[in-house]
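Q: As input, take upload_30.cif (mmCIF, N, CA and C atoms, pLDDT in the B column; chains and numbers go by the auth columns):
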```
data_upload
loop_
_atom_site.group_PDB
_atom_site.id
_atom_site.type_symbol
_atom_site.label_atom_id
_atom_site.label_comp_id
_atom_site.label_asym_id
_atom_site.label_seq_id
_atom_site.Cartn_x
_atom_site.Cartn_y
_atom_site.Cartn_z
_atom_site.B_iso_or_equiv
_atom_site.auth_seq_id
_atom_site.auth_asym_id
ATOM 1 N N MET A 1 -14.979 16.196 8.596 93.00 154 N
ATOM 2 C CA MET A 1 -14.382 17.496 8.868 93.00 154 N
ATOM 3 C C MET A 1 -14.622 18.407 7.659 93.00 154 N
ATOM 4 N N THR A 2 -15.098 19.604 7.917 98.00 155 N
ATOM 5 C CA THR A 2 -15.359 20.553 6.830 98.00 155 N
ATOM 6 C C THR A 2 -14.038 21.143 6.326 98.00 155 N
ATOM 7 N N ASN A 3 -14.093 21.780 5.159 98.00 156 N
ATOM 8 C CA ASN A 3 -12.898 22.444 4.632 98.00 156 N
ATOM 9 C C ASN A 3 -12.409 23.538 5.580 98.00 156 N
ATOM 10 N N LYS A 4 -13.350 24.256 6.200 97.00 157 N
ATOM 11 C CA LYS A 4 -12.945 25.310 7.134 97.00 157 N
ATOM 12 C C LYS A 4 -12.228 24.712 8.343 97.00 157 N
ATOM 13 N N GLU A 5 -12.743 23.607 8.852 97.00 158 N
ATOM 14 C CA GLU A 5 -12.087 22.950 9.986 97.00 158 N
ATOM 15 C C GLU A 5 -10.692 22.460 9.597 97.00 158 N
ATOM 16 N N LYS A 6 -10.566 21.913 8.405 98.00 159 N
ATOM 17 C CA LYS A 6 -9.246 21.477 7.920 98.00 159 N
ATOM 18 C C LYS A 6 -8.290 22.661 7.822 98.00 159 N
ATOM 19 N N TYR A 7 -8.805 23.764 7.272 98.00 160 N
ATOM 20 C CA TYR A 7 -7.987 24.966 7.085 98.00 160 N
ATOM 21 C C TYR A 7 -7.540 25.532 8.439 98.00 160 N
ATOM 22 N N ILE A 8 -8.461 25.641 9.367 98.00 161 N
ATOM 23 C CA ILE A 8 -8.108 26.120 10.711 98.00 161 N
ATOM 24 C C ILE A 8 -7.066 25.200 11.338 98.00 161 N
ATOM 25 N N ASN A 9 -7.252 23.914 11.175 98.00 162 N
ATOM 26 C CA ASN A 9 -6.321 22.940 11.750 98.00 162 N
ATOM 27 C C ASN A 9 -4.908 23.105 11.188 98.00 162 N
ATOM 28 N N CYS A 10 -4.792 23.523 9.942 98.00 163 N
ATOM 29 C CA CYS A 10 -3.462 23.773 9.362 98.00 163 N
ATOM 30 C C CYS A 10 -2.734 24.843 10.160 98.00 163 N
ATOM 31 N N PHE A 11 -3.431 25.900 10.515 98.00 164 N
ATOM 32 C CA PHE A 11 -2.834 26.979 11.307 98.00 164 N
ATOM 33 C C PHE A 11 -2.504 26.509 12.715 98.00 164 N
ATOM 34 N N VAL A 12 -3.423 25.749 13.299 98.00 165 N
ATOM 35 C CA VAL A 12 -3.208 25.239 14.665 98.00 165 N
ATOM 36 C C VAL A 12 -1.970 24.357 14.715 98.00 165 N
ATOM 37 N N GLU A 13 -1.871 23.439 13.762 97.00 166 N
ATOM 38 C CA GLU A 13 -0.751 22.495 13.747 97.00 166 N
ATOM 39 C C GLU A 13 0.563 23.156 13.354 97.00 166 N
ATOM 40 N N ALA A 14 0.557 23.933 12.285 98.00 167 N
ATOM 41 C CA ALA A 14 1.804 24.506 11.764 98.00 167 N
ATOM 42 C C ALA A 14 2.343 25.645 12.627 98.00 167 N
ATOM 43 N N LEU A 15 1.439 26.453 13.163 97.00 168 N
ATOM 44 C CA LEU A 15 1.864 27.654 13.895 97.00 168 N
ATOM 45 C C LEU A 15 1.666 27.554 15.401 97.00 168 N
ATOM 46 N N GLU A 16 1.059 26.445 15.829 96.00 169 N
ATOM 47 C CA GLU A 16 0.839 26.208 17.257 96.00 169 N
ATOM 48 C C GLU A 16 0.090 27.358 17.927 96.00 169 N
ATOM 49 N N VAL A 17 -1.023 27.732 17.315 96.00 170 N
ATOM 50 C CA VAL A 17 -1.889 28.772 17.878 96.00 170 N
ATOM 51 C C VAL A 17 -3.251 28.156 18.183 96.00 170 N
ATOM 52 N N PRO A 18 -3.974 28.695 19.154 97.00 171 N
ATOM 53 C CA PRO A 18 -5.313 28.169 19.456 97.00 171 N
ATOM 54 C C PRO A 18 -6.278 28.393 18.283 97.00 171 N
ATOM 55 N N ALA A 19 -7.168 27.457 18.083 97.00 172 N
ATOM 56 C CA ALA A 19 -8.113 27.518 16.966 97.00 172 N
ATOM 57 C C ALA A 19 -8.944 28.792 16.979 97.00 172 N
ATOM 58 N N ASP A 20 -9.249 29.303 18.171 96.00 173 N
ATOM 59 C CA ASP A 20 -10.082 30.504 18.237 96.00 173 N
ATOM 60 C C ASP A 20 -9.321 31.791 17.931 96.00 173 N
ATOM 61 N N LYS A 21 -8.026 31.687 17.662 93.00 174 N
ATOM 62 C CA LYS A 21 -7.205 32.865 17.353 93.00 174 N
ATOM 63 C C LYS A 21 -6.806 32.966 15.887 93.00 174 N
ATOM 64 N N VAL A 22 -7.087 31.940 15.086 96.00 175 N
ATOM 65 C CA VAL A 22 -6.533 31.908 13.727 96.00 175 N
ATOM 66 C C VAL A 22 -7.229 32.836 12.732 96.00 175 N
ATOM 67 N N GLU A 23 -8.503 33.119 12.903 95.00 176 N
ATOM 68 C CA GLU A 23 -9.239 33.851 11.871 95.00 176 N
ATOM 69 C C GLU A 23 -8.771 35.288 11.675 95.00 176 N
ATOM 70 N N ASN A 24 -8.070 35.859 12.624 94.00 177 N
ATOM 71 C CA ASN A 24 -7.544 37.215 12.472 94.00 177 N
ATOM 72 C C ASN A 24 -6.031 37.248 12.261 94.00 177 N
ATOM 73 N N LEU A 25 -5.436 36.094 12.083 96.00 178 N
ATOM 74 C CA LEU A 25 -3.978 36.034 11.969 96.00 178 N
ATOM 75 C C LEU A 25 -3.470 36.648 10.673 96.00 178 N
ATOM 76 N N GLU A 26 -2.326 37.301 10.794 96.00 179 N
ATOM 77 C CA GLU A 26 -1.599 37.830 9.645 96.00 179 N
ATOM 78 C C GLU A 26 -0.147 37.403 9.770 96.00 179 N
ATOM 79 N N TYR A 27 0.535 37.367 8.633 96.00 180 N
ATOM 80 C CA TYR A 27 1.946 36.980 8.621 96.00 180 N
ATOM 81 C C TYR A 27 2.721 37.818 9.626 96.00 180 N
ATOM 82 N N GLN A 28 3.513 37.159 10.418 93.00 181 N
ATOM 83 C CA GLN A 28 4.312 37.728 11.493 93.00 181 N
ATOM 84 C C GLN A 28 3.462 38.344 12.602 93.00 181 N
ATOM 85 N N GLY A 29 2.174 38.004 12.626 92.00 182 N
ATOM 86 C CA GLY A 29 1.280 38.470 13.681 92.00 182 N
ATOM 87 C C GLY A 29 1.481 37.711 14.982 92.00 182 N
ATOM 88 N N VAL A 30 2.065 36.539 14.874 95.00 183 N
ATOM 89 C CA VAL A 30 2.479 35.756 16.033 95.00 183 N
ATOM 90 C C VAL A 30 3.916 35.318 15.790 95.00 183 N
ATOM 91 N N GLU A 31 4.619 35.074 16.852 96.00 184 N
ATOM 92 C CA GLU A 31 6.044 34.734 16.743 96.00 184 N
ATOM 93 C C GLU A 31 6.291 33.511 15.866 96.00 184 N
ATOM 94 N N SER A 32 5.378 32.539 15.922 97.00 185 N
ATOM 95 C CA SER A 32 5.586 31.303 15.163 97.00 185 N
ATOM 96 C C SER A 32 5.376 31.459 13.659 97.00 185 N
ATOM 97 N N TRP A 33 4.727 32.561 13.220 97.00 186 N
ATOM 98 C CA TRP A 33 4.524 32.749 11.771 97.00 186 N
ATOM 99 C C TRP A 33 5.651 33.601 11.215 97.00 186 N
ATOM 100 N N ASP A 34 6.825 32.989 11.218 96.00 187 N
ATOM 101 C CA ASP A 34 8.002 33.589 10.590 96.00 187 N
ATOM 102 C C ASP A 34 8.215 32.835 9.270 96.00 187 N
ATOM 103 N N SER A 35 9.371 32.961 8.672 95.00 188 N
ATOM 104 C CA SER A 35 9.588 32.316 7.368 95.00 188 N
ATOM 105 C C SER A 35 9.518 30.794 7.467 95.00 188 N
ATOM 106 N N VAL A 36 10.029 30.233 8.550 97.00 189 N
ATOM 107 C CA VAL A 36 9.982 28.776 8.722 97.00 189 N
ATOM 108 C C VAL A 36 8.548 28.330 8.994 97.00 189 N
ATOM 109 N N GLY A 37 7.853 29.049 9.856 97.00 190 N
ATOM 110 C CA GLY A 37 6.453 28.747 10.134 97.00 190 N
ATOM 111 C C GLY A 37 5.594 28.869 8.887 97.00 190 N
ATOM 112 N N HIS A 38 5.945 29.841 8.047 97.00 191 N
ATOM 113 C CA HIS A 38 5.204 30.052 6.804 97.00 191 N
ATOM 114 C C HIS A 38 5.289 28.818 5.914 97.00 191 N
ATOM 115 N N MET A 39 6.482 28.273 5.775 98.00 192 N
ATOM 116 C CA MET A 39 6.644 27.092 4.929 98.00 192 N
ATOM 117 C C MET A 39 5.967 25.872 5.547 98.00 192 N
ATOM 118 N N SER A 40 5.959 25.786 6.872 98.00 193 N
ATOM 119 C CA SER A 40 5.234 24.698 7.539 98.00 193 N
ATOM 120 C C SER A 40 3.742 24.824 7.285 98.00 193 N
ATOM 121 N N LEU A 41 3.243 26.049 7.322 98.00 194 N
ATOM 122 C CA LEU A 41 1.824 26.303 7.053 98.00 194 N
ATOM 123 C C LEU A 41 1.472 25.932 5.617 98.00 194 N
ATOM 124 N N VAL A 42 2.310 26.335 4.671 98.00 195 N
ATOM 125 C CA VAL A 42 2.084 26.000 3.258 98.00 195 N
ATOM 126 C C VAL A 42 2.038 24.482 3.086 98.00 195 N
ATOM 127 N N ALA A 43 2.992 23.792 3.695 98.00 196 N
ATOM 128 C CA ALA A 43 3.034 22.328 3.585 98.00 196 N
ATOM 129 C C ALA A 43 1.771 21.706 4.182 98.00 196 N
ATOM 130 N N ALA A 44 1.318 22.236 5.309 98.00 197 N
ATOM 131 C CA ALA A 44 0.112 21.705 5.950 98.00 197 N
ATOM 132 C C ALA A 44 -1.117 21.916 5.066 98.00 197 N
ATOM 133 N N ILE A 45 -1.217 23.093 4.457 98.00 198 N
ATOM 134 C CA ILE A 45 -2.348 23.386 3.571 98.00 198 N
ATOM 135 C C ILE A 45 -2.301 22.481 2.337 98.00 198 N
ATOM 136 N N GLU A 46 -1.125 22.342 1.756 98.00 199 N
ATOM 137 C CA GLU A 46 -1.000 21.483 0.577 98.00 199 N
ATOM 138 C C GLU A 46 -1.379 20.043 0.901 98.00 199 N
ATOM 139 N N ASP A 47 -0.944 19.555 2.054 98.00 200 N
ATOM 140 C CA ASP A 47 -1.280 18.183 2.452 98.00 200 N
ATOM 141 C C ASP A 47 -2.769 18.030 2.736 98.00 200 N
ATOM 142 N N ALA A 48 -3.327 18.991 3.451 98.00 201 N
ATOM 143 C CA ALA A 48 -4.736 18.888 3.845 98.00 201 N
ATOM 144 C C ALA A 48 -5.675 18.886 2.641 98.00 201 N
ATOM 145 N N PHE A 49 -5.319 19.639 1.610 98.00 202 N
ATOM 146 C CA PHE A 49 -6.215 19.788 0.461 98.00 202 N
ATOM 147 C C PHE A 49 -5.686 19.109 -0.803 98.00 202 N
ATOM 148 N N ASP A 50 -4.581 18.396 -0.673 98.00 203 N
ATOM 149 C CA ASP A 50 -3.992 17.647 -1.789 98.00 203 N
ATOM 150 C C ASP A 50 -3.784 18.540 -3.014 98.00 203 N
ATOM 151 N N ILE A 51 -3.098 19.661 -2.782 98.00 204 N
ATOM 152 C CA ILE A 51 -2.785 20.600 -3.861 98.00 204 N
ATOM 153 C C ILE A 51 -1.295 20.923 -3.830 98.00 204 N
ATOM 154 N N MET A 52 -0.828 21.573 -4.880 98.00 205 N
ATOM 155 C CA MET A 52 0.524 22.114 -4.934 98.00 205 N
ATOM 156 C C MET A 52 0.379 23.592 -5.275 98.00 205 N
ATOM 157 N N MET A 53 0.672 24.440 -4.311 98.00 206 N
ATOM 158 C CA MET A 53 0.490 25.880 -4.503 98.00 206 N
ATOM 159 C C MET A 53 1.584 26.464 -5.394 98.00 206 N
ATOM 160 N N ASP A 54 1.199 27.431 -6.233 98.00 207 N
ATOM 161 C CA ASP A 54 2.159 28.151 -7.054 98.00 207 N
ATOM 162 C C ASP A 54 3.027 29.029 -6.158 98.00 207 N
ATOM 163 N N THR A 55 4.216 29.343 -6.628 98.00 208 N
ATOM 164 C CA THR A 55 5.135 30.201 -5.872 98.00 208 N
ATOM 165 C C THR A 55 4.488 31.541 -5.534 98.00 208 N
ATOM 166 N N ASP A 56 3.791 32.141 -6.488 98.00 209 N
ATOM 167 C CA ASP A 56 3.135 33.428 -6.236 98.00 209 N
ATOM 168 C C ASP A 56 2.110 33.322 -5.109 98.00 209 N
ATOM 169 N N ASP A 57 1.390 32.207 -5.067 98.00 210 N
ATOM 170 C CA ASP A 57 0.393 32.014 -4.013 98.00 210 N
ATOM 171 C C ASP A 57 1.052 31.828 -2.650 98.00 210 N
ATOM 172 N N ILE A 58 2.178 31.157 -2.634 98.00 211 N
ATOM 173 C CA ILE A 58 2.921 30.968 -1.381 98.00 211 N
ATOM 174 C C ILE A 58 3.378 32.321 -0.843 98.00 211 N
ATOM 175 N N VAL A 59 3.883 33.160 -1.722 97.00 212 N
ATOM 176 C CA VAL A 59 4.336 34.499 -1.324 97.00 212 N
ATOM 177 C C VAL A 59 3.152 35.358 -0.885 97.00 212 N
ATOM 178 N N ASP A 60 2.031 35.231 -1.578 98.00 213 N
ATOM 179 C CA ASP A 60 0.845 36.056 -1.290 98.00 213 N
ATOM 180 C C ASP A 60 0.094 35.635 -0.028 98.00 213 N
ATOM 181 N N LEU A 61 0.376 34.452 0.494 98.00 214 N
ATOM 182 C CA LEU A 61 -0.312 33.965 1.690 98.00 214 N
ATOM 183 C C LEU A 61 0.132 34.799 2.894 98.00 214 N
ATOM 184 N N SER A 62 -0.597 35.875 3.134 97.00 215 N
ATOM 185 C CA SER A 62 -0.181 36.834 4.159 97.00 215 N
ATOM 186 C C SER A 62 -1.139 36.916 5.344 97.00 215 N
ATOM 187 N N SER A 63 -2.249 36.183 5.264 98.00 216 N
ATOM 188 C CA SER A 63 -3.208 36.184 6.362 98.00 216 N
ATOM 189 C C SER A 63 -4.145 34.996 6.203 98.00 216 N
ATOM 190 N N PHE A 64 -4.894 34.733 7.256 98.00 217 N
ATOM 191 C CA PHE A 64 -5.907 33.674 7.219 98.00 217 N
ATOM 192 C C PHE A 64 -6.897 33.962 6.091 98.00 217 N
ATOM 193 N N ALA A 65 -7.366 35.206 6.012 97.00 218 N
ATOM 194 C CA ALA A 65 -8.358 35.590 4.994 97.00 218 N
ATOM 195 C C ALA A 65 -7.783 35.466 3.582 97.00 218 N
ATOM 196 N N LYS A 66 -6.544 35.877 3.389 98.00 219 N
ATOM 197 C CA LYS A 66 -5.914 35.791 2.065 98.00 219 N
ATOM 198 C C LYS A 66 -5.785 34.327 1.637 98.00 219 N
ATOM 199 N N GLY A 67 -5.520 33.463 2.580 98.00 220 N
ATOM 200 C CA GLY A 67 -5.427 32.033 2.269 98.00 220 N
ATOM 201 C C GLY A 67 -6.726 31.482 1.727 98.00 220 N
ATOM 202 N N ILE A 68 -7.848 31.967 2.257 98.00 221 N
ATOM 203 C CA ILE A 68 -9.154 31.534 1.753 98.00 221 N
ATOM 204 C C ILE A 68 -9.318 31.961 0.300 98.00 221 N
ATOM 205 N N GLU A 69 -8.905 33.193 -0.008 98.00 222 N
ATOM 206 C CA GLU A 69 -8.958 33.673 -1.402 98.00 222 N
ATOM 207 C C GLU A 69 -8.093 32.807 -2.313 98.00 222 N
ATOM 208 N N ILE A 70 -6.893 32.494 -1.848 98.00 223 N
ATOM 209 C CA ILE A 70 -5.961 31.687 -2.652 98.00 223 N
ATOM 210 C C ILE A 70 -6.543 30.301 -2.902 98.00 223 N
ATOM 211 N N LEU A 71 -7.138 29.696 -1.889 98.00 224 N
ATOM 212 C CA LEU A 71 -7.690 28.360 -2.056 98.00 224 N
ATOM 213 C C LEU A 71 -8.814 28.319 -3.071 98.00 224 N
ATOM 214 N N LYS A 72 -9.524 29.412 -3.255 98.00 225 N
ATOM 215 C CA LYS A 72 -10.585 29.462 -4.265 98.00 225 N
ATOM 216 C C LYS A 72 -10.022 29.225 -5.658 98.00 225 N
ATOM 217 N N LYS A 73 -8.785 29.636 -5.902 97.00 226 N
ATOM 218 C CA LYS A 73 -8.132 29.383 -7.195 97.00 226 N
ATOM 219 C C LYS A 73 -7.995 27.899 -7.472 97.00 226 N
ATOM 220 N N TYR A 74 -7.927 27.122 -6.397 98.00 227 N
ATOM 221 C CA TYR A 74 -7.754 25.680 -6.518 98.00 227 N
ATOM 222 C C TYR A 74 -9.090 24.941 -6.348 98.00 227 N
ATOM 223 N N ASP A 75 -10.189 25.709 -6.516 97.00 228 N
ATOM 224 C CA ASP A 75 -11.550 25.168 -6.414 97.00 228 N
ATOM 225 C C ASP A 75 -11.851 24.577 -5.040 97.00 228 N
ATOM 226 N N ILE A 76 -11.300 25.218 -4.002 98.00 229 N
ATOM 227 C CA ILE A 76 -11.556 24.802 -2.629 98.00 229 N
ATOM 228 C C ILE A 76 -12.306 25.925 -1.929 98.00 229 N
ATOM 229 N N GLU A 77 -13.516 25.625 -1.523 97.00 230 N
ATOM 230 C CA GLU A 77 -14.353 26.612 -0.816 97.00 230 N
ATOM 231 C C GLU A 77 -14.224 26.405 0.678 97.00 230 N
ATOM 232 N N ILE A 78 -13.966 27.481 1.396 95.00 231 N
ATOM 233 C CA ILE A 78 -13.844 27.414 2.858 95.00 231 N
ATOM 234 C C ILE A 78 -15.116 27.975 3.471 95.00 231 N
#
```
Could you write out this structure as structure tokens?
A:
Amino acid sequence: MTNKEKYINCFVEALEVPADKVENLEYQGVESWDSVGHMSLVAAIEDAFDIMMDTDDIVDLSSFAKGIEILKKYDIEI
């Protein structure tokens, strides 16, 4: 599984959205991406990539695209 597939799967699992809908997602763009969904998504990303995100990065995770930028800080290319 590629890093992109892992990343997409985090959104699918945590937010229960179809894989073909995740690339344009933004925080609160779907009902499931509320504060609880956000923390589930963070946990899924941390587990998938074996990282621990900084608090600032957790707060800044506001879209699928922003998450890719954040992961680059942790030397993860999507």
Q: For Ala172 in chain N, find every residue with an atom within 10 Å (counting only C-alpha atoms), except residues of its own chain fewer than 2 positions away, and show them as a compact mmCIF listing (two decimals) with N, CA and C atoms, keeping the file's coordinate frame.
A:
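Contents of around_21.txt, freshly written:
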```txt
# COMPACT_ATOMS: atom_id res chain seq x y z
N GLU N 158 -12.74 23.61 8.85
CA GLU N 158 -12.09 22.95 9.99
C GLU N 158 -10.69 22.46 9.60
N ILE N 161 -8.46 25.64 9.37
CA ILE N 161 -8.11 26.12 10.71
C ILE N 161 -7.07 25.20 11.34
N ASN N 162 -7.25 23.91 11.18
CA ASN N 162 -6.32 22.94 11.75
C ASN N 162 -4.91 23.10 11.19
N CYS N 163 -4.79 23.52 9.94
CA CYS N 163 -3.46 23.77 9.36
C CYS N 163 -2.73 24.84 10.16
N PHE N 164 -3.43 25.90 10.52
CA PHE N 164 -2.83 26.98 11.31
C PHE N 164 -2.50 26.51 12.72
N VAL N 165 -3.42 25.75 13.30
CA VAL N 165 -3.21 25.24 14.66
C VAL N 165 -1.97 24.36 14.72
N GLU N 166 -1.87 23.44 13.76
CA GLU N 166 -0.75 22.50 13.75
C GLU N 166 0.56 23.16 13.35
N GLU N 169 1.06 26.44 15.83
CA GLU N 169 0.84 26.21 17.26
C GLU N 169 0.09 27.36 17.93
N VAL N 170 -1.02 27.73 17.32
CA VAL N 170 -1.89 28.77 17.88
C VAL N 170 -3.25 28.16 18.18
N LYS N 174 -8.03 31.69 17.66
CA LYS N 174 -7.20 32.86 17.35
C LYS N 174 -6.81 32.97 15.89
N VAL N 175 -7.09 31.94 15.09
CA VAL N 175 -6.53 31.91 13.73
C VAL N 175 -7.23 32.84 12.73
N GLU N 176 -8.50 33.12 12.90
CA GLU N 176 -9.24 33.85 11.87
C GLU N 176 -8.77 35.29 11.68
```
Q: Using the chain letters and numbers from this document, which residues of chain N does DSSP assign to helix (DSSP H, G or I), as a short mmCIF file (atom, residue, chain, number, x, y, z; two decimals) with N, CA and C atoms, in the coordinates of the input?
A:
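Written output follows (states-v8.cif):
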```cif
data_model
loop_
_atom_site.label_atom_id
_atom_site.label_comp_id
_atom_site.auth_asym_id
_atom_site.auth_seq_id
_atom_site.Cartn_x
_atom_site.Cartn_y
_atom_site.Cartn_z
N ASN N 156 -14.09 21.78 5.16
CA ASN N 156 -12.90 22.44 4.63
C ASN N 156 -12.41 23.54 5.58
N LYS N 157 -13.35 24.26 6.20
CA LYS N 157 -12.94 25.31 7.13
C LYS N 157 -12.23 24.71 8.34
N GLU N 158 -12.74 23.61 8.85
CA GLU N 158 -12.09 22.95 9.99
C GLU N 158 -10.69 22.46 9.60
N LYS N 159 -10.57 21.91 8.40
CA LYS N 159 -9.25 21.48 7.92
C LYS N 159 -8.29 22.66 7.82
N TYR N 160 -8.80 23.76 7.27
CA TYR N 160 -7.99 24.97 7.08
C TYR N 160 -7.54 25.53 8.44
N ILE N 161 -8.46 25.64 9.37
CA ILE N 161 -8.11 26.12 10.71
C ILE N 161 -7.07 25.20 11.34
N ASN N 162 -7.25 23.91 11.18
CA ASN N 162 -6.32 22.94 11.75
C ASN N 162 -4.91 23.10 11.19
N CYS N 163 -4.79 23.52 9.94
CA CYS N 163 -3.46 23.77 9.36
C CYS N 163 -2.73 24.84 10.16
N PHE N 164 -3.43 25.90 10.52
CA PHE N 164 -2.83 26.98 11.31
C PHE N 164 -2.50 26.51 12.72
N VAL N 165 -3.42 25.75 13.30
CA VAL N 165 -3.21 25.24 14.66
C VAL N 165 -1.97 24.36 14.72
N GLU N 166 -1.87 23.44 13.76
CA GLU N 166 -0.75 22.50 13.75
C GLU N 166 0.56 23.16 13.35
N ALA N 167 0.56 23.93 12.28
CA ALA N 167 1.80 24.51 11.76
C ALA N 167 2.34 25.64 12.63
N LEU N 168 1.44 26.45 13.16
CA LEU N 168 1.86 27.65 13.90
C LEU N 168 1.67 27.55 15.40
N ALA N 172 -7.17 27.46 18.08
CA ALA N 172 -8.11 27.52 16.97
C ALA N 172 -8.94 28.79 16.98
N ASP N 173 -9.25 29.30 18.17
CA ASP N 173 -10.08 30.50 18.24
C ASP N 173 -9.32 31.79 17.93
N LYS N 174 -8.03 31.69 17.66
CA LYS N 174 -7.20 32.86 17.35
C LYS N 174 -6.81 32.97 15.89
N VAL N 175 -7.09 31.94 15.09
CA VAL N 175 -6.53 31.91 13.73
C VAL N 175 -7.23 32.84 12.73
N GLU N 176 -8.50 33.12 12.90
CA GLU N 176 -9.24 33.85 11.87
C GLU N 176 -8.77 35.29 11.68
N ASN N 177 -8.07 35.86 12.62
CA ASN N 177 -7.54 37.22 12.47
C ASN N 177 -6.03 37.25 12.26
N SER N 188 9.37 32.96 8.67
CA SER N 188 9.59 32.32 7.37
C SER N 188 9.52 30.79 7.47
N VAL N 189 10.03 30.23 8.55
CA VAL N 189 9.98 28.78 8.72
C VAL N 189 8.55 28.33 8.99
N GLY N 190 7.85 29.05 9.86
CA GLY N 190 6.45 28.75 10.13
C GLY N 190 5.59 28.87 8.89
N HIS N 191 5.94 29.84 8.05
CA HIS N 191 5.20 30.05 6.80
C HIS N 191 5.29 28.82 5.91
N MET N 192 6.48 28.27 5.78
CA MET N 192 6.64 27.09 4.93
C MET N 192 5.97 25.87 5.55
N SER N 193 5.96 25.79 6.87
CA SER N 193 5.23 24.70 7.54
C SER N 193 3.74 24.82 7.28
N LEU N 194 3.24 26.05 7.32
CA LEU N 194 1.82 26.30 7.05
C LEU N 194 1.47 25.93 5.62
N VAL N 195 2.31 26.34 4.67
CA VAL N 195 2.08 26.00 3.26
C VAL N 195 2.04 24.48 3.09
N ALA N 196 2.99 23.79 3.70
CA ALA N 196 3.03 22.33 3.58
C ALA N 196 1.77 21.71 4.18
N ALA N 197 1.32 22.24 5.31
CA ALA N 197 0.11 21.70 5.95
C ALA N 197 -1.12 21.92 5.07
N ILE N 198 -1.22 23.09 4.46
CA ILE N 198 -2.35 23.39 3.57
C ILE N 198 -2.30 22.48 2.34
N GLU N 199 -1.12 22.34 1.76
CA GLU N 199 -1.00 21.48 0.58
C GLU N 199 -1.38 20.04 0.90
N ASP N 200 -0.94 19.56 2.05
CA ASP N 200 -1.28 18.18 2.45
C ASP N 200 -2.77 18.03 2.74
N ALA N 201 -3.33 18.99 3.45
CA ALA N 201 -4.74 18.89 3.84
C ALA N 201 -5.68 18.89 2.64
N PHE N 202 -5.32 19.64 1.61
CA PHE N 202 -6.22 19.79 0.46
C PHE N 202 -5.69 19.11 -0.80
N THR N 208 4.22 29.34 -6.63
CA THR N 208 5.14 30.20 -5.87
C THR N 208 4.49 31.54 -5.53
N ASP N 209 3.79 32.14 -6.49
CA ASP N 209 3.14 33.43 -6.24
C ASP N 209 2.11 33.32 -5.11
N ASP N 210 1.39 32.21 -5.07
CA ASP N 210 0.39 32.01 -4.01
C ASP N 210 1.05 31.83 -2.65
N ILE N 211 2.18 31.16 -2.63
CA ILE N 211 2.92 30.97 -1.38
C ILE N 211 3.38 32.32 -0.84
N VAL N 212 3.88 33.16 -1.72
CA VAL N 212 4.34 34.50 -1.32
C VAL N 212 3.15 35.36 -0.88
N ASP N 213 2.03 35.23 -1.58
CA ASP N 213 0.84 36.06 -1.29
C ASP N 213 0.09 35.64 -0.03
N PHE N 217 -4.89 34.73 7.26
CA PHE N 217 -5.91 33.67 7.22
C PHE N 217 -6.90 33.96 6.09
N ALA N 218 -7.37 35.21 6.01
CA ALA N 218 -8.36 35.59 4.99
C ALA N 218 -7.78 35.47 3.58
N LYS N 219 -6.54 35.88 3.39
CA LYS N 219 -5.91 35.79 2.06
C LYS N 219 -5.78 34.33 1.64
N GLY N 220 -5.52 33.46 2.58
CA GLY N 220 -5.43 32.03 2.27
C GLY N 220 -6.73 31.48 1.73
N ILE N 221 -7.85 31.97 2.26
CA ILE N 221 -9.15 31.53 1.75
C ILE N 221 -9.32 31.96 0.30
N GLU N 222 -8.90 33.19 -0.01
CA GLU N 222 -8.96 33.67 -1.40
C GLU N 222 -8.09 32.81 -2.31
N ILE N 223 -6.89 32.49 -1.85
CA ILE N 223 -5.96 31.69 -2.65
C ILE N 223 -6.54 30.30 -2.90
N LEU N 224 -7.14 29.70 -1.89
CA LEU N 224 -7.69 28.36 -2.06
C LEU N 224 -8.81 28.32 -3.07
N LYS N 225 -9.52 29.41 -3.26
CA LYS N 225 -10.58 29.46 -4.26
C LYS N 225 -10.02 29.22 -5.66
N LYS N 226 -8.78 29.64 -5.90
CA LYS N 226 -8.13 29.38 -7.20
C LYS N 226 -8.00 27.90 -7.47
#
```
Q: Mind working out the centre and edge lengths of an axis-aligned box for range 159-171 of chain N, all listed atoms inside, 8 Å added to each side, rounded to one decimal in Å and written as JSON?
A:
```
{"center_x": -4.1, "center_y": 25.1, "center_z": 13.3, "size_x": 28.9, "size_y": 23.3, "size_z": 28.4}
```
Q: Determine, counting all atoms listed in the file, every residue of protein, DNA or RNA that lies within 6.5 Å of (-1.1, 29.7, -0.7) in the file coordinates, then give the result as a PyMOL selection string.
A: chain N and resi 195+206-207+210-214+220+223-224
Q: Please compute the CA of Asp187 in chain N-CA of Asp203 in chain N distance, one decimal, in Å.
A: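 Those two atoms sit 23.5 Å apart.
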Q: Using only C-alpha atoms, which residue out of N:Val183, N:Leu178, N:Met205, N:Ile198 lies closest to Asn156 in chain N?
A: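 So, comparing all the options, the nearest one is N:Ile198.
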Q: Go through N:Glu222, N:Met192, N:Ser216, N:Tyr227 and flag the residue nearest Asn177 in chain N, using all atoms listed in the file for the distances.
A: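 With all atoms listed in the file as the atom set, the closest residue is N:Ser216.
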Q: N:Ser188, N:Phe202, N:Ser193, N:Glu179: which is nearest Ala218 in chain N, counting all atoms listed in the file?
A: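 Distance minimum relative to Ala218 in chain N lands on N:Glu179.
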Q: What does the structure give for the distance between atom C of Ser185 in chain N and atom N of Pro171 in chain N, in Å to one decimal?
A: 11.2 Å
